[in-house]
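Heads up, final-v1.cif below (mmCIF, C-alpha atoms):
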```cif
data_target
#
loop_
_atom_site.label_atom_id
_atom_site.label_comp_id
_atom_site.auth_asym_id
_atom_site.auth_seq_id
_atom_site.Cartn_x
_atom_site.Cartn_y
_atom_site.Cartn_z
CA MET A 16 -11.69 0.13 -6.52
CA LYS A 17 -10.09 -0.89 -9.81
CA PHE A 18 -6.77 0.26 -11.26
CA TYR A 19 -5.65 0.86 -14.83
CA SER A 20 -2.23 0.82 -16.47
CA THR A 21 -0.77 4.14 -17.59
CA GLN A 22 0.19 2.34 -20.81
CA ASN A 23 -3.34 1.18 -21.55
CA LYS A 24 -6.48 2.38 -19.76
CA LYS A 25 -8.27 -0.80 -20.81
CA ASN A 26 -5.78 -2.89 -18.81
CA ILE A 27 -7.74 -2.91 -15.54
CA VAL A 28 -6.97 -4.98 -12.43
CA THR A 29 -8.18 -5.40 -8.85
CA LEU A 30 -6.54 -3.84 -5.79
CA LYS A 31 -4.82 -7.11 -4.88
CA GLU A 32 -3.53 -7.59 -8.42
CA ALA A 33 -2.23 -4.02 -8.58
CA ILE A 34 -0.35 -4.34 -5.30
CA LEU A 35 1.05 -7.81 -5.94
CA GLN A 36 2.11 -7.03 -9.51
CA GLY A 37 3.60 -3.65 -8.68
CA ILE A 38 4.03 -2.89 -12.39
CA ALA A 39 1.47 -3.74 -15.07
CA ASP A 40 2.32 -6.51 -17.55
CA ASP A 41 2.59 -3.89 -20.28
CA GLY A 42 5.20 -1.95 -18.29
CA GLY A 43 2.83 0.79 -17.16
CA LEU A 44 2.14 1.95 -13.62
CA PHE A 45 -1.23 1.49 -11.95
CA MET A 46 -3.61 4.38 -11.30
CA PRO A 47 -7.07 4.29 -9.67
CA THR A 48 -9.91 4.31 -12.20
CA GLU A 49 -11.52 7.00 -10.07
CA ILE A 50 -10.16 9.34 -7.41
CA PRO A 51 -12.72 9.68 -4.59
CA ARG A 52 -13.70 13.29 -3.92
CA GLN A 53 -13.81 13.97 -0.19
CA PRO A 54 -17.03 15.54 1.14
CA GLN A 55 -17.11 19.08 2.52
CA SER A 56 -17.96 17.67 5.95
CA PHE A 57 -14.52 16.01 6.00
CA PHE A 58 -12.80 19.36 5.48
CA ARG A 59 -14.98 20.99 8.16
CA ASP A 60 -14.10 18.32 10.73
CA ILE A 61 -10.45 17.81 9.77
CA ARG A 62 -9.01 20.18 12.38
CA LYS A 63 -10.15 17.85 15.16
CA CYS A 64 -8.57 14.71 13.66
CA THR A 65 -5.30 12.93 14.40
CA PHE A 66 -3.13 11.81 11.51
CA ALA A 67 -4.38 8.22 11.80
CA GLU A 68 -8.02 9.38 11.81
CA ILE A 69 -7.44 11.44 8.65
CA ALA A 70 -5.64 8.52 7.01
CA ASN A 71 -8.45 6.14 7.94
CA ARG A 72 -11.10 8.33 6.30
CA ILE A 73 -9.13 8.61 3.05
CA ALA A 74 -8.07 4.95 2.98
CA ASN A 75 -11.69 3.91 3.40
CA SER A 76 -12.71 6.02 0.43
CA PHE A 77 -10.19 4.13 -1.73
CA PHE A 78 -10.36 0.59 -0.37
CA HIS A 79 -13.80 0.03 1.20
CA ASP A 80 -14.96 -2.12 -1.75
CA ASP A 81 -12.06 -4.54 -1.16
CA ILE A 82 -11.36 -4.46 2.58
CA PRO A 83 -13.86 -4.19 5.46
CA SER A 84 -13.72 -0.84 7.26
CA ARG A 85 -12.68 -2.41 10.57
CA ASP A 86 -9.68 -4.02 8.86
CA ILE A 87 -8.72 -0.78 7.12
CA GLU A 88 -8.83 0.92 10.49
CA SER A 89 -6.57 -1.75 11.99
CA ILE A 90 -4.07 -1.41 9.12
CA VAL A 91 -4.01 2.37 9.37
CA PHE A 92 -3.73 2.70 13.13
CA ASN A 93 -1.01 0.03 13.24
CA ALA A 94 0.99 1.75 10.49
CA PHE A 95 0.69 5.33 11.72
CA ASP A 96 1.67 5.57 15.36
CA PHE A 97 3.44 8.88 14.67
CA GLU A 98 2.38 12.33 13.49
CA SER A 99 3.51 14.85 10.84
CA PRO A 100 3.71 18.21 12.66
CA LEU A 101 3.44 21.49 10.78
CA VAL A 102 6.14 23.79 12.19
CA PRO A 103 5.87 27.55 11.48
CA LEU A 104 8.92 29.44 10.20
CA ASN A 105 6.98 32.72 10.14
CA HIS A 106 3.37 33.79 9.62
CA ARG A 107 3.53 32.88 5.90
CA LEU A 108 5.75 29.78 5.77
CA SER A 109 5.63 26.43 7.54
CA VAL A 110 7.59 23.18 7.38
CA LEU A 111 5.74 19.86 7.26
CA GLU A 112 8.02 17.49 9.18
CA LEU A 113 7.76 14.03 7.67
CA PHE A 114 10.62 12.44 9.60
CA HIS A 115 8.96 11.29 12.81
CA GLY A 116 8.62 7.65 11.76
CA PRO A 117 11.03 4.84 12.71
CA THR A 118 13.62 5.57 9.97
CA LEU A 119 13.28 9.38 10.20
CA ALA A 120 12.18 9.89 6.58
CA PHE A 121 8.89 10.47 4.75
CA LYS A 122 9.13 7.04 3.14
CA ASP A 123 7.95 5.52 6.45
CA PHE A 124 4.38 6.58 5.67
CA GLY A 125 4.09 4.61 2.44
CA ALA A 126 6.31 1.68 3.42
CA ARG A 127 4.58 0.88 6.71
CA PHE A 128 1.12 1.14 5.17
CA MET A 129 2.10 -1.06 2.23
CA ALA A 130 3.68 -3.71 4.45
CA ARG A 131 0.49 -4.07 6.43
CA ILE A 132 -1.97 -4.01 3.53
CA LEU A 133 0.16 -6.53 1.61
CA SER A 134 0.30 -8.86 4.63
CA TYR A 135 -3.48 -8.53 4.94
CA LEU A 136 -4.10 -9.37 1.28
CA MET A 137 -1.75 -12.37 1.47
CA GLN A 138 -2.97 -13.80 4.77
CA TYR A 139 -4.80 -16.67 3.08
CA ASP A 140 -2.13 -17.33 0.41
CA ASN A 141 0.30 -20.17 0.95
CA SER A 142 2.94 -18.77 -1.40
CA GLU A 143 5.83 -16.46 -0.60
CA ILE A 144 6.55 -13.13 -2.26
CA THR A 145 9.74 -11.18 -2.89
CA ILE A 146 9.67 -7.39 -2.70
CA LEU A 147 12.14 -5.69 -5.06
CA VAL A 148 13.12 -2.15 -4.18
CA ALA A 149 15.38 0.32 -5.95
CA THR A 150 16.47 3.06 -3.57
CA SER A 151 18.48 6.26 -3.66
CA GLY A 152 18.58 6.25 0.13
CA ASP A 153 15.52 6.58 2.34
CA THR A 154 13.11 4.28 0.48
CA GLY A 155 15.26 1.24 1.18
CA SER A 156 15.57 1.80 4.92
CA ALA A 157 11.85 2.56 5.28
CA VAL A 158 10.85 -0.56 3.34
CA ALA A 159 13.37 -2.71 5.20
CA ASN A 160 12.01 -1.49 8.52
CA GLY A 161 8.36 -1.81 7.45
CA PHE A 162 8.72 -5.38 6.14
CA HIS A 163 11.35 -6.69 8.58
CA ASN A 164 10.46 -10.19 9.81
CA GLN A 165 7.07 -10.17 8.05
CA SER A 166 6.16 -13.82 7.47
CA GLY A 167 6.17 -15.03 3.86
CA ILE A 168 7.83 -11.87 2.53
CA ASP A 169 11.45 -11.44 1.44
CA VAL A 170 12.87 -8.02 0.55
CA ILE A 171 15.72 -7.32 -1.87
CA LEU A 172 17.04 -3.74 -1.81
CA LEU A 173 19.14 -2.35 -4.66
CA TYR A 174 21.10 0.82 -3.94
CA PRO A 175 23.80 2.70 -5.91
CA SER A 176 27.28 2.17 -4.50
CA GLY A 177 28.81 5.34 -3.05
CA MET A 178 25.69 7.42 -3.69
CA VAL A 179 23.90 7.17 -0.35
CA SER A 180 24.94 8.69 2.97
CA GLU A 181 26.70 6.58 5.62
CA VAL A 182 23.63 6.63 7.84
CA GLN A 183 21.34 5.62 4.97
CA GLU A 184 23.66 2.76 4.00
CA LYS A 185 23.77 1.43 7.55
CA GLN A 186 19.97 1.56 7.76
CA LEU A 187 19.79 -0.35 4.45
CA THR A 188 22.32 -3.04 5.15
CA THR A 189 22.17 -4.03 8.81
CA LEU A 190 18.75 -5.58 9.47
CA ALA A 191 19.42 -9.07 8.01
CA GLY A 192 16.67 -11.66 8.47
CA ASN A 193 14.36 -11.43 5.45
CA ILE A 194 16.17 -8.31 4.15
CA THR A 195 18.93 -8.59 1.48
CA ALA A 196 20.87 -5.52 0.33
CA LEU A 197 22.51 -5.39 -3.11
CA GLU A 198 25.14 -2.69 -3.64
CA VAL A 199 24.94 -1.89 -7.35
CA ASP A 200 27.91 -0.50 -9.26
CA GLY A 201 25.82 2.23 -10.91
CA THR A 202 23.25 4.96 -10.31
CA PHE A 203 19.74 4.91 -8.89
CA ASP A 204 18.41 4.83 -12.45
CA ASP A 205 20.41 1.62 -13.01
CA CYS A 206 18.85 0.13 -9.88
CA GLN A 207 15.38 1.15 -11.05
CA ARG A 208 16.03 -0.30 -14.50
CA LEU A 209 17.10 -3.63 -13.00
CA VAL A 210 13.91 -3.83 -10.94
CA LYS A 211 11.66 -2.98 -13.89
CA SER A 212 13.47 -5.49 -16.13
CA ALA A 213 13.05 -8.24 -13.54
CA PHE A 214 9.29 -7.65 -13.43
CA LEU A 215 9.05 -8.17 -17.17
CA ASP A 216 11.40 -11.17 -17.44
CA GLN A 217 9.41 -14.38 -17.94
CA ASP A 218 12.19 -16.69 -16.65
CA ILE A 219 12.36 -14.83 -13.37
CA LYS A 220 8.58 -14.60 -13.05
CA ARG A 221 8.32 -18.38 -13.34
CA HIS A 222 10.94 -18.74 -10.59
CA ARG A 223 9.74 -16.16 -8.06
CA ARG A 224 6.66 -14.14 -7.22
CA PHE A 225 7.48 -10.44 -7.15
CA SER A 226 6.09 -7.12 -6.09
CA SER A 227 7.69 -3.70 -5.64
CA ALA A 228 7.67 -1.30 -2.70
CA ASN A 229 8.94 1.72 -4.60
CA SER A 230 6.47 4.52 -5.26
CA ILE A 231 5.81 2.69 -8.52
CA ASN A 232 3.57 0.47 -6.33
CA ILE A 233 0.18 2.07 -5.84
CA ALA A 234 0.08 0.89 -2.20
CA ARG A 235 3.15 3.03 -1.51
CA LEU A 236 1.79 6.04 -3.36
CA ILE A 237 -1.75 6.48 -2.02
CA PRO A 238 -0.76 6.75 1.69
CA GLN A 239 1.65 9.56 0.78
CA SER A 240 -1.44 11.65 0.02
CA PHE A 241 -2.53 11.39 3.66
CA TYR A 242 0.00 13.86 5.05
CA TYR A 243 -1.07 16.62 2.68
CA PHE A 244 -4.46 16.53 4.36
CA ALA A 245 -2.76 16.38 7.76
CA ALA A 246 -0.85 19.56 6.89
CA TYR A 247 -4.08 21.30 5.91
CA SER A 248 -5.71 20.23 9.19
CA GLN A 249 -3.03 22.10 11.15
CA LEU A 250 -3.42 25.46 9.37
CA GLU A 251 -4.94 28.25 11.43
CA ASN A 252 -6.74 29.78 8.43
CA HIS A 253 -8.27 27.31 5.98
CA ASP A 254 -9.32 30.09 3.60
CA THR A 255 -5.76 31.19 2.76
CA PRO A 256 -4.53 30.08 -0.70
CA LEU A 257 -2.10 27.19 -0.19
CA ILE A 258 1.23 26.69 -1.98
CA VAL A 259 3.18 23.47 -1.40
CA SER A 260 6.86 22.96 -2.24
CA VAL A 261 7.83 19.30 -2.73
CA PRO A 262 11.44 18.08 -3.00
CA ALA A 263 11.12 15.93 -6.12
CA GLY A 264 13.11 12.96 -7.37
CA ASN A 265 11.11 10.02 -8.66
CA LEU A 266 8.02 12.29 -8.49
CA GLY A 267 6.08 9.95 -6.20
CA ASN A 268 5.72 12.54 -3.43
CA LEU A 269 4.54 15.15 -5.91
CA THR A 270 2.11 12.73 -7.59
CA ALA A 271 0.59 11.90 -4.19
CA GLY A 272 0.03 15.60 -3.61
CA LEU A 273 -1.63 15.96 -7.00
CA ILE A 274 -3.92 13.04 -6.13
CA ALA A 275 -4.79 14.82 -2.86
CA LYS A 276 -5.71 17.89 -4.89
CA GLU A 277 -7.96 15.75 -7.09
CA MET A 278 -9.61 14.51 -3.88
CA GLY A 279 -10.53 18.11 -3.08
CA LEU A 280 -7.57 19.42 -1.08
CA PRO A 281 -7.49 23.16 -1.88
CA VAL A 282 -3.89 23.61 -3.06
CA GLN A 283 -3.43 26.60 -5.38
CA LYS A 284 0.03 25.61 -6.63
CA PHE A 285 2.47 22.75 -6.30
CA ILE A 286 6.17 23.47 -6.64
CA ALA A 287 8.45 20.69 -7.88
CA ALA A 288 11.75 21.49 -6.13
CA LEU A 289 14.64 19.87 -8.01
CA ASN A 290 18.38 19.65 -7.71
CA VAL A 291 20.50 19.60 -10.90
CA ASN A 292 18.66 16.43 -11.97
CA LYS A 293 16.01 18.49 -13.72
CA VAL A 294 14.39 16.27 -16.32
CA PHE A 295 10.92 17.22 -15.08
CA HIS A 296 11.82 20.92 -14.98
CA ASN A 297 12.95 20.68 -18.61
CA TYR A 298 9.66 19.04 -19.55
CA LEU A 299 7.59 21.76 -17.88
CA ASN A 300 9.56 24.43 -19.73
CA SER A 301 9.61 22.80 -23.16
CA GLY A 302 6.81 20.23 -23.31
CA GLU A 303 9.39 17.62 -24.33
CA TYR A 304 10.48 14.78 -22.06
CA GLN A 305 14.01 13.44 -22.30
CA ALA A 306 15.58 11.16 -19.69
CA LEU A 307 19.14 12.03 -18.72
CA PRO A 308 21.90 10.29 -16.74
CA ALA A 309 21.54 10.89 -13.00
CA ILE A 310 24.03 13.29 -11.41
CA GLN A 311 25.19 12.74 -7.82
CA THR A 312 24.29 15.59 -5.45
CA LEU A 313 24.03 16.51 -1.79
CA SER A 314 20.26 15.84 -1.92
CA ASN A 315 20.81 12.26 -3.07
CA ALA A 316 17.23 10.99 -2.77
CA MET A 317 16.42 13.34 -5.67
CA ASP A 318 19.19 12.07 -7.94
CA VAL A 319 16.88 10.59 -10.58
CA GLY A 320 17.35 11.02 -14.32
CA ASN A 321 14.26 9.12 -15.46
CA PRO A 322 11.50 9.54 -12.88
CA SER A 323 8.96 6.70 -12.99
CA ASN A 324 5.97 8.64 -11.73
CA PHE A 325 6.13 11.07 -14.64
CA THR A 326 3.77 8.70 -16.49
CA ARG A 327 1.26 8.99 -13.66
CA ILE A 328 1.30 12.78 -13.86
CA LEU A 329 0.68 12.54 -17.59
CA ALA A 330 -2.22 10.14 -16.96
CA LEU A 331 -3.68 12.37 -14.26
CA TYR A 332 -3.77 15.36 -16.62
CA GLU A 333 -4.51 13.46 -19.83
CA ASN A 334 -1.12 14.29 -21.37
CA ASP A 335 -2.08 17.97 -21.41
CA HIS A 336 1.07 20.03 -20.89
CA THR A 337 -0.92 23.22 -20.25
CA LYS A 338 -2.97 21.60 -17.47
CA ILE A 339 0.22 20.32 -15.86
CA THR A 340 2.01 23.68 -15.96
CA ASN A 341 -1.10 25.44 -14.64
CA THR A 342 -0.86 23.24 -11.55
CA ILE A 343 2.91 22.77 -11.13
CA TYR A 344 5.79 25.22 -11.03
CA SER A 345 9.38 23.96 -10.86
CA ALA A 346 12.88 25.22 -10.15
CA SER A 347 16.30 23.58 -10.08
CA PHE A 348 19.25 24.32 -7.77
CA SER A 349 22.91 23.41 -7.41
CA ASP A 350 24.65 21.94 -4.36
CA LEU A 351 26.25 25.34 -3.73
CA SER A 352 22.82 26.96 -3.55
CA THR A 353 21.60 24.14 -1.31
CA ARG A 354 24.48 24.67 1.11
CA GLN A 355 23.79 28.40 1.20
CA ALA A 356 20.11 27.69 1.88
CA ILE A 357 20.95 25.48 4.87
CA LYS A 358 22.78 28.46 6.40
CA GLU A 359 20.08 30.96 5.44
CA ILE A 360 17.26 28.91 6.96
CA TYR A 361 19.17 28.50 10.21
CA SER A 362 20.14 32.18 10.32
CA LYS A 363 16.64 33.50 9.52
CA PHE A 364 14.45 31.02 11.37
CA GLY A 365 16.70 29.01 13.73
CA TYR A 366 15.57 25.85 11.91
CA ILE A 367 17.97 23.05 10.98
CA MET A 368 16.89 21.67 7.60
CA ASP A 369 18.30 18.78 5.61
CA PRO A 370 19.49 19.26 1.99
CA HIS A 371 16.24 18.01 0.43
CA GLY A 372 14.06 20.37 2.43
CA SER A 373 16.54 23.16 1.70
CA VAL A 374 15.96 22.66 -2.04
CA GLY A 375 12.24 22.89 -1.27
CA TYR A 376 12.85 26.18 0.55
CA LEU A 377 14.82 27.58 -2.40
CA ALA A 378 12.06 26.66 -4.85
CA MET A 379 9.41 28.26 -2.64
CA LYS A 380 11.53 31.41 -2.33
CA LYS A 381 12.02 31.59 -6.11
CA TYR A 382 8.32 31.11 -6.83
CA LEU A 383 7.37 33.86 -4.38
CA SER A 384 9.94 36.23 -5.90
CA GLU A 385 8.34 35.73 -9.32
CA ASN A 386 4.72 35.97 -8.16
CA ILE A 387 3.61 38.87 -6.00
CA LEU A 388 1.01 37.39 -3.67
CA SER A 389 -0.84 39.38 -1.02
CA ASN A 390 -2.45 36.37 0.65
CA PHE A 391 -0.98 32.87 0.82
CA HIS A 392 0.49 30.22 3.06
CA GLY A 393 3.47 28.21 1.90
CA ILE A 394 4.29 24.72 3.10
CA ILE A 395 7.71 23.16 2.53
CA LEU A 396 7.99 19.39 2.86
CA GLU A 397 10.94 18.36 5.04
CA THR A 398 11.45 14.77 3.96
CA ALA A 399 14.24 13.57 6.27
CA HIS A 400 15.82 14.37 9.61
CA ALA A 401 18.87 16.63 9.23
CA ALA A 402 20.98 14.13 11.22
CA LYS A 403 20.81 11.73 8.26
CA PHE A 404 22.97 14.29 6.43
CA SER A 405 24.90 15.52 9.44
CA SER A 406 28.27 15.89 7.71
CA ALA A 407 26.93 18.48 5.25
CA VAL A 408 24.70 20.22 7.78
CA ASN A 409 27.40 20.36 10.47
CA GLU A 410 29.89 21.74 7.96
CA GLU A 411 27.60 24.55 6.86
CA LEU A 412 26.28 25.53 10.29
CA ASN A 413 29.44 24.85 12.29
CA ILE A 414 27.42 22.94 14.87
CA GLU A 415 26.92 19.30 15.83
CA VAL A 416 23.46 18.09 14.86
CA GLU A 417 22.17 15.78 17.57
CA ILE A 418 22.02 12.20 16.33
CA PRO A 419 18.75 10.47 17.36
CA LYS A 420 19.08 7.19 19.19
CA VAL A 421 17.71 5.11 16.30
CA LEU A 422 20.44 6.43 13.98
CA LYS A 423 23.17 5.83 16.55
CA GLU A 424 22.07 2.21 16.80
CA SER A 425 22.23 1.81 13.01
CA LEU A 426 25.73 3.29 12.83
CA SER A 427 26.98 0.81 15.42
CA ARG A 428 25.90 -2.23 13.36
CA LYS A 429 27.97 -4.02 10.71
CA LYS A 430 27.19 -3.46 7.03
CA ASN A 431 26.08 -6.60 5.19
CA ALA A 432 25.65 -6.05 1.43
CA ILE A 433 26.29 -8.06 -1.75
CA LYS A 434 28.05 -6.18 -4.56
CA ILE A 435 26.73 -6.66 -8.10
CA SER A 436 27.24 -4.92 -11.44
CA LYS A 437 24.60 -2.85 -13.20
CA ASP A 438 24.22 -5.53 -15.90
CA PHE A 439 20.81 -7.17 -15.88
CA ALA A 440 22.36 -10.59 -16.60
CA ASP A 441 24.15 -10.48 -13.21
CA PHE A 442 20.99 -9.46 -11.38
CA LYS A 443 18.97 -12.15 -13.15
CA SER A 444 21.53 -14.79 -12.16
CA PHE A 445 21.33 -13.66 -8.55
CA LEU A 446 17.53 -13.93 -8.52
CA LEU A 447 17.49 -17.36 -10.17
CA GLU A 448 20.24 -18.81 -7.99
CA ASN A 449 19.07 -17.52 -4.62
#
```
With the file now loaded, output its structure as structure tokens.
Amino acid sequence: MKFYSTQNKKNIVTLKEAILQGIADDGGLFMPTEIPRQPQSFFRDIRKCTFAEIANRIANSFFHDDIPSRDIESIVFNAFDFESPLVPLNHRLSVLELFHGPTLAFKDFGARFMARILSYLMQYDNSEITILVATSGDTGSAVANGFHNQSGIDVILLYPSGMVSEVQEKQLTTLAGNITALEVDGTFDDCQRLVKSAFLDQDIKRHRRFSSANSINIARLIPQSFYYFAAYSQLENHDTPLIVSVPAGNLGNLTAGLIAKEMGLPVQKFIAALNVNKVFHNYLNSGEYQALPAIQTLSNAMDVGNPSNFTRILALYENDHTKITNTIYSASFSDLSTRQAIKEIYSKFGYIMDPHGSVGYLAMKKYLSENILSNFHGIILETAHAAKFSSAVNEELNIEVEIPKVLKESLSRKKNAIKISKDFADFKSFLLEN
């Protein structure tokens, strides 16, 4: 499998080059030159498969030219020792729970897979590599956990000061070892800008070898497509038109779903569920893209004003706004609406949902109110355990959300982070001096 840059389709690299570079030299993101269509036999047999078995089939279709099948199987089964259950709310709506990994967030799927495939590709290299990660919360903890104590790999996490939850910050800043956390005086977009600038800076590139574990890295993105197939495998009726609501920030989760659709997954409509950071919503409505400053919200992982994966969506649909809007619907919601949704979901269904999933619920509800459908099944992606946002959830529901053991352990550890400004000169100095 080869990969091209979204900036220039003639800029083509190998799998190893795409993963190790993270971002193309021209500043573009890598996309596969072809998306493997899954055979009908796969969809017939999928109901019998575990998550790891589904992931192994899809991973083989992408990587079999570069990695022997037995090694792909080892990578997959080592990464995915947990499932993604589809939990019914009623006969028409279900929640895909993506928080059963070690850090209780959907980012575990991509981070654990990437850590293992990167270690495999580097096993005969004598050099070390530094992973740079910008995070608005869950990405950092998932990457830190996935790469912790991996030989020859250092991880530097950049997160916006005061814009992640207490639990997320503790998960980011308490592992030590080969993990360094930088608390940036700025927004997630500032963190993302610093990472992208470092990749393109020749002084830094001569000093250190870098890759990224954000969804800008293709090895993080492709495994996120696996759980869309896992959701489909758990449906009782595979002939019912499928609508999927995706809480959207940097658009990686949505892009992975669109790739799954290109592989043959029968999704009728994707819904991009957004908080007040609605750059993508504005684009769908107007056809014009304009980045905006990120606004802090309750659903902080979606607080992105310049989503990186937008360029991948454009590439996937050949910059055709009509094709994109035919596939994707979007809606944007305030924190007040999100809080009301947390209460409504609990009252109607007895389900405790985090703020991100609650935005997904609101977007699904709005889409269904605008489109009278006689036959459908809606899936809402629940991207994090509600306990990671317990203060907001407890306040709205007047209950105490049970804190899982892994989160309790994180909260008991001491924060260890280095504060830096949002100026690239400061970040560059840090990278050159350390």
Evaluate the PyMOL selection byres ((chain A and resi 202-211) around 6) here and jot the selected residues down as a list in words.
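When the PyMOL selection byres ((chain A and resi 202-211) around 6) is applied to the shown file, the picked residues are Ala149, Ser151, Leu173, Pro175, Gly201, Ser212, Ala213, Phe214 and Phe439 of chain A.
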What does the PyMOL selection byres ((chain A and resi 48) around 6) select in this file, as a PyMOL selection string?
chain A and resi 17-18+47+49
Residues near Ala130 in chain A, cut-off 10 Å, all atoms listed in the file, skip fewer than 6 positions along chain, as a ChimeraX atom specification:
/A:90,94,158-163,165,168,228,234-235
Would you output that residue set with C-alpha atoms, as an mmCIF file, in the coordinates of the input?
```cif
data_model
loop_
_atom_site.group_PDB
_atom_site.id
_atom_site.type_symbol
_atom_site.label_atom_id
_atom_site.label_comp_id
_atom_site.auth_asym_id
_atom_site.auth_seq_id
_atom_site.Cartn_x
_atom_site.Cartn_y
_atom_site.Cartn_z
ATOM 1 C CA ILE A 90 -4.070 -1.410 9.120
ATOM 2 C CA ALA A 94 0.990 1.750 10.490
ATOM 3 C CA VAL A 158 10.850 -0.560 3.340
ATOM 4 C CA ALA A 159 13.370 -2.710 5.200
ATOM 5 C CA ASN A 160 12.010 -1.490 8.520
ATOM 6 C CA GLY A 161 8.360 -1.810 7.450
ATOM 7 C CA PHE A 162 8.720 -5.380 6.140
ATOM 8 C CA HIS A 163 11.350 -6.690 8.580
ATOM 9 C CA GLN A 165 7.070 -10.170 8.050
ATOM 10 C CA ILE A 168 7.830 -11.870 2.530
ATOM 11 C CA ALA A 228 7.670 -1.300 -2.700
ATOM 12 C CA ALA A 234 0.080 0.890 -2.200
ATOM 13 C CA ARG A 235 3.150 3.030 -1.510
#
```
Residue nearest Phe58 in chain A - candidates A:Ile233, A:Leu108, A:Ala245, A:Leu35, atoms counted: all atoms listed in the file
A:Ala245
Using all atoms listed in the file, the residue out of A:Phe45, A:Phe285, A:Phe57, A:Phe121 with shortest distance to Pro256 in chain A is A:Phe285
Taking all listed atoms of range 419-433 of chain A, build the axis-aligned box, pad each of the six sides by 4 Å, then write its centre and edge lengths in Å to one decimal as lines of an AutoDock Vina configuration file.
```
center_x = 22.8
center_y = 1.2
center_z = 8.7
size_x = 18.3
size_y = 26.5
size_z = 28.9
```
Might you spell out which residues the PyMOL selection byres ((chain A and resi 112-118) around 7) would select in the displayed file, as a PDB file with C-alpha atoms, keeping the file's coordinate frame?
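Output contents, as saved in result17.pdb:
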```pdb
ATOM      1  CA  PHE A  97       3.440   8.880  14.670  1.00  0.00           C
ATOM      2  CA  GLU A  98       2.380  12.330  13.490  1.00  0.00           C
ATOM      3  CA  SER A  99       3.510  14.850  10.840  1.00  0.00           C
ATOM      4  CA  PRO A 100       3.710  18.210  12.660  1.00  0.00           C
ATOM      5  CA  LEU A 101       3.440  21.490  10.780  1.00  0.00           C
ATOM      6  CA  VAL A 110       7.590  23.180   7.380  1.00  0.00           C
ATOM      7  CA  LEU A 111       5.740  19.860   7.260  1.00  0.00           C
ATOM      8  CA  LEU A 119      13.280   9.380  10.200  1.00  0.00           C
ATOM      9  CA  ALA A 120      12.180   9.890   6.580  1.00  0.00           C
ATOM     10  CA  PHE A 121       8.890  10.470   4.750  1.00  0.00           C
ATOM     11  CA  ASP A 123       7.950   5.520   6.450  1.00  0.00           C
ATOM     12  CA  SER A 156      15.570   1.800   4.920  1.00  0.00           C
ATOM     13  CA  ALA A 157      11.850   2.560   5.280  1.00  0.00           C
ATOM     14  CA  LEU A 396       7.990  19.390   2.860  1.00  0.00           C
ATOM     15  CA  GLU A 397      10.940  18.360   5.040  1.00  0.00           C
ATOM     16  CA  THR A 398      11.450  14.770   3.960  1.00  0.00           C
ATOM     17  CA  ALA A 399      14.240  13.570   6.270  1.00  0.00           C
ATOM     18  CA  HIS A 400      15.820  14.370   9.610  1.00  0.00           C
TER      19      HIS A 400
END
```
Which residues are close to Lys429 in chain A, i.e. within 12 Å by only C-alpha atoms, leaving aside same-chain residues fewer than 5 positions away? Reply as JSON, numbers by chain.
{"A": [181, 182, 184, 185, 186, 187, 188, 189, 190, 191, 424]}
Closest contacts (range 281-370 of chain A/range 376-379 of chain A, max 12 Å, only C-alpha atoms) as a Markdown table:
```
| residue | atom | partner | partner_atom | distance |
| --- | --- | --- | --- | --- |
| A:Lys284 | CA | A:Met379 | CA | 10.5 |
| A:Phe285 | CA | A:Met379 | CA | 9.6 |
| A:Ile286 | CA | A:Ala378 | CA | 6.9 |
| A:Ala287 | CA | A:Ala378 | CA | 7.6 |
| A:Ala288 | CA | A:Ala378 | CA | 5.3 |
| A:Leu289 | CA | A:Ala378 | CA | 7.9 |
| A:Asn290 | CA | A:Ala378 | CA | 9.9 |
| A:His296 | CA | A:Ala378 | CA | 11.6 |
| A:Ile343 | CA | A:Ala378 | CA | 11.8 |
| A:Tyr344 | CA | A:Ala378 | CA | 8.9 |
| A:Ser345 | CA | A:Ala378 | CA | 7.1 |
| A:Ala346 | CA | A:Ala378 | CA | 5.6 |
| A:Ser347 | CA | A:Ala378 | CA | 7.4 |
| A:Phe348 | CA | A:Leu377 | CA | 7.7 |
| A:Ser349 | CA | A:Leu377 | CA | 10.4 |
| A:Asp350 | CA | A:Leu377 | CA | 11.5 |
| A:Leu351 | CA | A:Leu377 | CA | 11.7 |
| A:Ser352 | CA | A:Leu377 | CA | 8.1 |
| A:Thr353 | CA | A:Leu377 | CA | 7.7 |
| A:Arg354 | CA | A:Leu377 | CA | 10.7 |
| A:Gln355 | CA | A:Leu377 | CA | 9.7 |
| A:Ala356 | CA | A:Leu377 | CA | 6.8 |
| A:Ile357 | CA | A:Tyr376 | CA | 9.2 |
| A:Lys358 | CA | A:Tyr376 | CA | 11.7 |
| A:Glu359 | CA | A:Tyr376 | CA | 10.0 |
| A:Ile360 | CA | A:Tyr376 | CA | 8.2 |
| A:Tyr361 | CA | A:Tyr376 | CA | 11.8 |
| A:Phe364 | CA | A:Tyr376 | CA | 12.0 |
| A:Tyr366 | CA | A:Tyr376 | CA | 11.7 |
| A:Met368 | CA | A:Tyr376 | CA | 9.3 |
| A:Asp369 | CA | A:Tyr376 | CA | 10.5 |
| A:Pro370 | CA | A:Tyr376 | CA | 9.7 |
```
Quick one: residues within 7 Å of Gly152 in chain A, all atoms listed in the file, excluding same-chain residues fewer than 2 positions away - as a PDB file with C-alpha atoms, in the frame of the given file?
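Done, and the output landed in result_29.pdb:
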```pdb
ATOM      1  CA  THR A 150      16.470   3.060  -3.570  1.00  0.00           C
ATOM      2  CA  THR A 154      13.110   4.280   0.480  1.00  0.00           C
ATOM      3  CA  GLY A 155      15.260   1.240   1.180  1.00  0.00           C
ATOM      4  CA  VAL A 179      23.900   7.170  -0.350  1.00  0.00           C
ATOM      5  CA  GLN A 183      21.340   5.620   4.970  1.00  0.00           C
ATOM      6  CA  ALA A 316      17.230  10.990  -2.770  1.00  0.00           C
TER       7      ALA A 316
END
```
